[in-house]
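Visitor: This is the structure, below, for whatever I ask next.
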Amino acid sequence: MPGPSDHGAPARDEEAARSGPAARTAVVGAGIVGLAAAHALRARGADVTLYESGPPGGGQSAGQGRIFRHAHEDPRLVALVARSRALWREWEQEFGLELISPDGAVAIGDGVEDKLRTLEPFEEIPVRRLAPEELHERLPLLAAWTGPAMLDVDGGAIRTLAAVAALTDRLEDAMLREHVLSVRRTDAGPVEVRTGTTCETYDHVVLCAGRGTAPLARGAGLDLPVEVGAHVRLTFAVTPGGPAGRGLPTFQDGSGAFGETGVYAAPYPDGRHFSVGLSADTPARPDGGLADPAALAALADRTVAYVERALPGLDPRPVDHVHCWVTRLPWGDDGVGIWSGDGLTALAGHNLFKQAPALGEALAETALTGAVPGHLHHGQQLGRSAG
């Protein structure tokens, strides 16, 4: 990935860091990014402790499928995602598992032309327009659509449970099942981590705790401008006689033709279920509770209504719900950034699952060298929305 940014903290000699005693490092949070960071740190020789109070992958990483897509408004983020796609392939080789389905990612709506223009300079990312006939062949669940459509050939559905399980298995001996109450820089230099029953110090601490990252970072002197909301994602069964067993692509609908924009959907590995969500959430209050709990139910109702209009190949009665917190940065829905200094690194952003391998790599580099790589320093506002 790109070399260290000038915006990062002062770097120390990387070779010295790696040739000396293994850095004693803690990662807080065993969602997909925390698991990826711990895995990358171990690969670089660090002594890692991974803190997680609940099931790994049970927070913002929950669910059976996520979209891998290359198209983003910020070309710098496209480059990061391309790096992540290469690392997903390396994980597949390492773990002996299919982690991203080979069925591609389909998008429809007027934004397709903008996506294609953004991706055009990236010759290594195969994308193309879809005619209505091929769109129907690839996604027979969809109602009639003759407008703009595209296929991201190397996109697909991330096998989330398989990825989390494989990483957890590799890191089980490093995992401490404890809730972290505080992280603090000490006068002596090491960073202190306090849990319900332990108190340890580390050369470096990496915060990947989702909703819990900003409060922990704030207690240690890092202020992250994270906006928290609650989100719902519903799963629907493919109707009898539908395309069960066929490889279904992931799906994004920005058209508004079926009553919603910013819709996303991904198939389960079994090919008989499709998970559908809206790119909307209901905000949290400053005390952490929902500002309007009824709004979460309203989002679920809107999702069902969308499925009835747009996806007649699905039974509109949901068979599963995923409710989760989401964390956004103010510069865009796909915004991501790393804050780092004096032995503490924190990551924040939204829509991060697909980027997990590259983010884990970047967090490991930050922890071991003291420099935030590429454009990931928060000052660069990676994933910034156009306009």
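Residue names in the structure tokens use chain letters A, B, ... in the order shown, residue numbers from 1 in each chain, and ligand numbers from 1 in the order shown.
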For Ser61 of chain A, please output as a list in words all residues within 7 Å (counting only C-alpha atoms; exclusion window: fewer than 5 positions along the same chain).
Guide: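 Final neighbour list, sorted by chain and number: Gly31, Ile32 and Phe353 of chain A.
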Visitor: I need the chosen residues saved as a PDB file, in the first residue's frame, with all heavy atoms.
Guide:
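File written: selection.pdb
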```pdb
ATOM      1  N   GLY A  31     -14.001  -7.415  16.476  1.00  0.00           N
ATOM      2  CA  GLY A  31     -14.749  -7.414  15.228  1.00  0.00           C
ATOM      3  C   GLY A  31     -13.785  -7.745  14.100  1.00  0.00           C
ATOM      4  O   GLY A  31     -12.616  -8.067  14.323  1.00  0.00           O
ATOM      5  N   ILE A  32     -14.254  -7.648  12.876  1.00  0.00           N
ATOM      6  CA  ILE A  32     -13.422  -8.074  11.758  1.00  0.00           C
ATOM      7  C   ILE A  32     -12.144  -7.235  11.652  1.00  0.00           C
ATOM      8  O   ILE A  32     -11.063  -7.769  11.358  1.00  0.00           O
ATOM      9  CB  ILE A  32     -14.221  -8.040  10.426  1.00  0.00           C
ATOM     10  CG1 ILE A  32     -13.413  -8.652   9.280  1.00  0.00           C
ATOM     11  CG2 ILE A  32     -14.693  -6.634  10.099  1.00  0.00           C
ATOM     12  CD1 ILE A  32     -13.072 -10.111   9.464  1.00  0.00           C
ATOM     13  N   PHE A 353     -16.088  -3.422   6.683  1.00  0.00           N
ATOM     14  CA  PHE A 353     -15.849  -4.867   6.630  1.00  0.00           C
ATOM     15  C   PHE A 353     -15.011  -5.244   5.422  1.00  0.00           C
ATOM     16  O   PHE A 353     -14.034  -5.995   5.533  1.00  0.00           O
ATOM     17  CB  PHE A 353     -17.181  -5.626   6.622  1.00  0.00           C
ATOM     18  CG  PHE A 353     -17.085  -7.018   7.166  1.00  0.00           C
ATOM     19  CD1 PHE A 353     -17.714  -7.362   8.345  1.00  0.00           C
ATOM     20  CD2 PHE A 353     -16.370  -8.009   6.524  1.00  0.00           C
ATOM     21  CE1 PHE A 353     -17.632  -8.631   8.877  1.00  0.00           C
ATOM     22  CE2 PHE A 353     -16.281  -9.293   7.031  1.00  0.00           C
ATOM     23  CZ  PHE A 353     -16.918  -9.607   8.218  1.00  0.00           C
TER      24      PHE A 353
END
```
Visitor: Got a sec to tell me which of segment 143-174 of chain A DSSP assigns to alpha helix (DSSP H), as a PyMOL selection string?
Guide: chain A and resi 160-171
Visitor: My list of candidates is A:Gly196, A:Gly254, A:Gly343, A:Pro286. Which is closest to Thr25 of chain A when distances are computed with only C-alpha atoms?
Guide: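 For Thr25 of chain A, the nearest of the given residues is A:Gly343.
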Visitor: Could you please write out, as a PyMOL selection string, every residue of segment 231-369 of chain A that DSSP assigns to strand (DSSP E)?
Guide: chain A and resi 231-237+250-253+263-267+273-278+282-283+320-328+336-341+344-349
Visitor: Include N, CA and C atoms and write out the residues we just selected as a short mmCIF file (atom, residue, chain, number, x, y, z; two decimals), in the first residue's frame.
Guide:
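Once written, out-v3.cif looks like this:
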```cif
data_model
loop_
_atom_site.label_atom_id
_atom_site.label_comp_id
_atom_site.auth_asym_id
_atom_site.auth_seq_id
_atom_site.Cartn_x
_atom_site.Cartn_y
_atom_site.Cartn_z
N HIS A 231 -28.96 0.74 13.24
CA HIS A 231 -29.27 0.30 11.88
C HIS A 231 -29.97 -1.05 11.93
N VAL A 232 -30.79 -1.32 10.93
CA VAL A 232 -31.47 -2.61 10.84
C VAL A 232 -31.24 -3.20 9.45
N ARG A 233 -31.02 -4.51 9.43
CA ARG A 233 -30.85 -5.25 8.19
C ARG A 233 -31.72 -6.50 8.29
N LEU A 234 -32.56 -6.74 7.28
CA LEU A 234 -33.50 -7.86 7.32
C LEU A 234 -33.09 -8.93 6.30
N THR A 235 -33.42 -10.17 6.63
CA THR A 235 -33.15 -11.28 5.72
C THR A 235 -34.47 -11.86 5.23
N PHE A 236 -34.52 -12.16 3.93
CA PHE A 236 -35.71 -12.70 3.29
C PHE A 236 -35.35 -13.98 2.54
N ALA A 237 -36.30 -14.89 2.50
CA ALA A 237 -36.09 -16.15 1.79
C ALA A 237 -36.40 -15.97 0.30
N THR A 250 -24.20 -9.52 -5.22
CA THR A 250 -24.69 -8.51 -4.30
C THR A 250 -25.39 -7.42 -5.11
N PHE A 251 -26.06 -6.51 -4.42
CA PHE A 251 -26.93 -5.56 -5.13
C PHE A 251 -26.94 -4.23 -4.40
N GLN A 252 -26.81 -3.16 -5.17
CA GLN A 252 -27.00 -1.80 -4.68
C GLN A 252 -27.97 -1.08 -5.60
N ASP A 253 -28.93 -0.38 -5.00
CA ASP A 253 -29.95 0.34 -5.76
C ASP A 253 -29.95 1.80 -5.33
N VAL A 263 -30.08 1.54 -1.22
CA VAL A 263 -30.41 0.18 -0.78
C VAL A 263 -29.23 -0.73 -1.09
N TYR A 264 -28.96 -1.67 -0.20
CA TYR A 264 -27.91 -2.65 -0.44
C TYR A 264 -28.42 -4.03 -0.05
N ALA A 265 -27.90 -5.08 -0.68
CA ALA A 265 -28.35 -6.44 -0.40
C ALA A 265 -27.24 -7.42 -0.74
N ALA A 266 -27.21 -8.52 0.02
CA ALA A 266 -26.19 -9.55 -0.20
C ALA A 266 -26.79 -10.92 0.07
N PRO A 267 -26.44 -11.92 -0.74
CA PRO A 267 -26.96 -13.27 -0.52
C PRO A 267 -26.23 -13.96 0.62
N HIS A 273 -31.25 -17.22 0.76
CA HIS A 273 -31.66 -16.07 1.55
C HIS A 273 -30.89 -14.84 1.07
N PHE A 274 -31.56 -13.69 1.19
CA PHE A 274 -30.98 -12.42 0.76
C PHE A 274 -31.17 -11.43 1.89
N SER A 275 -30.09 -10.79 2.29
CA SER A 275 -30.14 -9.78 3.35
C SER A 275 -30.22 -8.40 2.71
N VAL A 276 -31.17 -7.57 3.18
CA VAL A 276 -31.45 -6.28 2.56
C VAL A 276 -31.46 -5.19 3.63
N GLY A 277 -30.82 -4.07 3.33
CA GLY A 277 -30.82 -2.95 4.26
C GLY A 277 -30.90 -1.64 3.51
N LEU A 278 -31.29 -0.59 4.24
CA LEU A 278 -31.30 0.76 3.71
C LEU A 278 -30.09 1.50 4.27
N THR A 282 -31.02 5.47 12.69
CA THR A 282 -31.64 6.41 13.61
C THR A 282 -30.59 6.81 14.64
N PRO A 283 -30.44 8.10 14.91
CA PRO A 283 -29.32 8.55 15.75
C PRO A 283 -29.47 8.16 17.22
N ASP A 320 -35.15 -13.05 9.47
CA ASP A 320 -34.07 -12.76 10.41
C ASP A 320 -33.85 -11.25 10.43
N HIS A 321 -33.40 -10.77 11.59
CA HIS A 321 -33.07 -9.35 11.77
C HIS A 321 -31.65 -9.23 12.28
N VAL A 322 -30.94 -8.24 11.80
CA VAL A 322 -29.68 -7.81 12.41
C VAL A 322 -29.85 -6.35 12.81
N HIS A 323 -29.75 -6.07 14.10
CA HIS A 323 -29.75 -4.70 14.59
C HIS A 323 -28.35 -4.41 15.10
N CYS A 324 -27.77 -3.31 14.67
CA CYS A 324 -26.41 -3.00 15.10
C CYS A 324 -26.20 -1.49 15.15
N TRP A 325 -25.21 -1.10 15.92
CA TRP A 325 -24.78 0.29 15.93
C TRP A 325 -23.90 0.55 14.71
N VAL A 326 -23.96 1.77 14.21
CA VAL A 326 -23.07 2.20 13.14
C VAL A 326 -22.34 3.45 13.60
N THR A 327 -21.12 3.61 13.12
CA THR A 327 -20.29 4.76 13.48
C THR A 327 -19.83 5.46 12.22
N ARG A 328 -20.17 6.73 12.09
CA ARG A 328 -19.80 7.50 10.91
C ARG A 328 -18.90 8.66 11.29
N VAL A 336 -13.25 7.07 6.65
CA VAL A 336 -12.46 6.23 7.55
C VAL A 336 -11.20 7.01 7.91
N GLY A 337 -10.71 6.82 9.14
CA GLY A 337 -9.50 7.51 9.55
C GLY A 337 -8.83 6.84 10.72
N ILE A 338 -7.52 7.07 10.84
CA ILE A 338 -6.72 6.57 11.96
C ILE A 338 -6.17 7.76 12.73
N TRP A 339 -6.31 7.70 14.04
CA TRP A 339 -5.72 8.66 14.96
C TRP A 339 -4.60 7.92 15.70
N SER A 340 -3.43 8.52 15.84
CA SER A 340 -2.34 7.79 16.49
C SER A 340 -1.34 8.75 17.11
N GLY A 341 -0.77 8.33 18.24
CA GLY A 341 0.29 9.08 18.88
C GLY A 341 0.58 8.54 20.27
N LEU A 344 -0.72 4.96 21.30
CA LEU A 344 -2.15 4.66 21.18
C LEU A 344 -2.62 4.96 19.76
N THR A 345 -3.33 4.01 19.17
CA THR A 345 -3.89 4.17 17.82
C THR A 345 -5.37 3.82 17.86
N ALA A 346 -6.19 4.61 17.18
CA ALA A 346 -7.63 4.36 17.13
C ALA A 346 -8.11 4.48 15.69
N LEU A 347 -9.01 3.58 15.32
CA LEU A 347 -9.62 3.58 13.98
C LEU A 347 -11.11 3.87 14.11
N ALA A 348 -11.63 4.69 13.21
CA ALA A 348 -13.07 4.93 13.16
C ALA A 348 -13.51 5.05 11.71
N GLY A 349 -14.79 4.72 11.48
CA GLY A 349 -15.35 4.84 10.15
C GLY A 349 -16.57 3.97 9.98
#
```
Visitor: Set the distance at 10 Å and use only C-alpha atoms: which residues neighbour segment 238-240 of chain A once local chain neighbours fewer than 2 positions away are removed? I'd like the list as an NGL selection string.
Guide: :A and (141 or 235-236 or 242-244 or 267 or 271-274 or 311-316)
Visitor: Produce a file of the selected residues containing N, CA and C atoms, as a PDB file, in the first residue's frame.
Guide:
```pdb
ATOM      1  N   LEU A 141     -34.134 -12.001  -9.101  1.00  0.00           N
ATOM      2  CA  LEU A 141     -34.990 -11.552  -8.003  1.00  0.00           C
ATOM      3  C   LEU A 141     -35.579 -10.173  -8.258  1.00  0.00           C
ATOM      4  N   THR A 235     -33.423 -10.168   6.628  1.00  0.00           N
ATOM      5  CA  THR A 235     -33.152 -11.283   5.717  1.00  0.00           C
ATOM      6  C   THR A 235     -34.466 -11.863   5.227  1.00  0.00           C
ATOM      7  N   PHE A 236     -34.517 -12.164   3.930  1.00  0.00           N
ATOM      8  CA  PHE A 236     -35.714 -12.698   3.286  1.00  0.00           C
ATOM      9  C   PHE A 236     -35.355 -13.984   2.544  1.00  0.00           C
ATOM     10  N   GLY A 242     -37.725 -20.011  -7.073  1.00  0.00           N
ATOM     11  CA  GLY A 242     -36.786 -18.954  -7.413  1.00  0.00           C
ATOM     12  C   GLY A 242     -35.417 -19.536  -7.710  1.00  0.00           C
ATOM     13  N   PRO A 243     -34.429 -18.659  -7.835  1.00  0.00           N
ATOM     14  CA  PRO A 243     -33.102 -19.097  -8.296  1.00  0.00           C
ATOM     15  C   PRO A 243     -32.227 -19.679  -7.194  1.00  0.00           C
ATOM     16  N   ALA A 244     -32.801 -20.467  -6.302  1.00  0.00           N
ATOM     17  CA  ALA A 244     -31.999 -21.066  -5.234  1.00  0.00           C
ATOM     18  C   ALA A 244     -30.913 -21.946  -5.832  1.00  0.00           C
ATOM     19  N   PRO A 267     -26.442 -11.919  -0.742  1.00  0.00           N
ATOM     20  CA  PRO A 267     -26.961 -13.268  -0.521  1.00  0.00           C
ATOM     21  C   PRO A 267     -26.231 -13.958   0.624  1.00  0.00           C
ATOM     22  N   GLY A 271     -27.435 -19.475  -0.620  1.00  0.00           N
ATOM     23  CA  GLY A 271     -28.102 -19.149  -1.875  1.00  0.00           C
ATOM     24  C   GLY A 271     -29.607 -19.065  -1.773  1.00  0.00           C
ATOM     25  N   ARG A 272     -30.185 -19.289  -0.598  1.00  0.00           N
ATOM     26  CA  ARG A 272     -31.639 -19.290  -0.452  1.00  0.00           C
ATOM     27  C   ARG A 272     -32.150 -18.094   0.351  1.00  0.00           C
ATOM     28  N   HIS A 273     -31.255 -17.225   0.764  1.00  0.00           N
ATOM     29  CA  HIS A 273     -31.657 -16.065   1.551  1.00  0.00           C
ATOM     30  C   HIS A 273     -30.890 -14.842   1.074  1.00  0.00           C
ATOM     31  N   PHE A 274     -31.559 -13.688   1.185  1.00  0.00           N
ATOM     32  CA  PHE A 274     -30.985 -12.421   0.758  1.00  0.00           C
ATOM     33  C   PHE A 274     -31.172 -11.426   1.890  1.00  0.00           C
ATOM     34  N   LEU A 311     -38.104  -6.443  -5.262  1.00  0.00           N
ATOM     35  CA  LEU A 311     -37.512  -7.787  -5.284  1.00  0.00           C
ATOM     36  C   LEU A 311     -38.607  -8.851  -5.173  1.00  0.00           C
ATOM     37  N   PRO A 312     -39.407  -8.998  -6.218  1.00  0.00           N
ATOM     38  CA  PRO A 312     -40.505  -9.969  -6.175  1.00  0.00           C
ATOM     39  C   PRO A 312     -40.030 -11.416  -6.080  1.00  0.00           C
ATOM     40  N   GLY A 313     -38.752 -11.660  -6.296  1.00  0.00           N
ATOM     41  CA  GLY A 313     -38.229 -13.009  -6.140  1.00  0.00           C
ATOM     42  C   GLY A 313     -37.976 -13.395  -4.695  1.00  0.00           C
ATOM     43  N   LEU A 314     -38.270 -12.495  -3.752  1.00  0.00           N
ATOM     44  CA  LEU A 314     -38.122 -12.783  -2.333  1.00  0.00           C
ATOM     45  C   LEU A 314     -39.482 -12.818  -1.651  1.00  0.00           C
ATOM     46  N   ASP A 315     -39.621 -13.676  -0.668  1.00  0.00           N
ATOM     47  CA  ASP A 315     -40.793 -13.671   0.206  1.00  0.00           C
ATOM     48  C   ASP A 315     -40.657 -12.461   1.128  1.00  0.00           C
ATOM     49  N   PRO A 316     -41.593 -11.511   1.114  1.00  0.00           N
ATOM     50  CA  PRO A 316     -41.407 -10.261   1.857  1.00  0.00           C
ATOM     51  C   PRO A 316     -41.564 -10.387   3.371  1.00  0.00           C
TER      52      PRO A 316
END
```
Visitor: Identify, on the basis of only C-alpha atoms, every residue whose closest approach to segment 114-125 of chain A does not exceed 12 Å; exclude the query and any residue fewer than 4 positions from it along the same chain; express the result as an MDAnalysis selection string.
Guide: chainID A and resid 69:83 85:86 104 106:110 129:130 148:155 252 254 386
Visitor: Would you list the contacts of Thr213 of chain A as a ChimeraX atom specification, taking every protein, DNA or RNA residue within 9 Å and counting only C-alpha atoms, but skipping same-chain residues closer than 2 positions in sequence?
Guide: /A:28-29,207-211,215-218,224,346-348
Visitor: Please provide the set of residues having any atom within 12 Å of Ala36 of chain A, restricted to only C-alpha atoms, with same-chain residues fewer than 2 positions apart removed, written as a PyMOL selection string.
Guide: chain A and resi 27-34+38-43+50+56-57+84+87-88+91+163-168+170-171+206+208+352-364
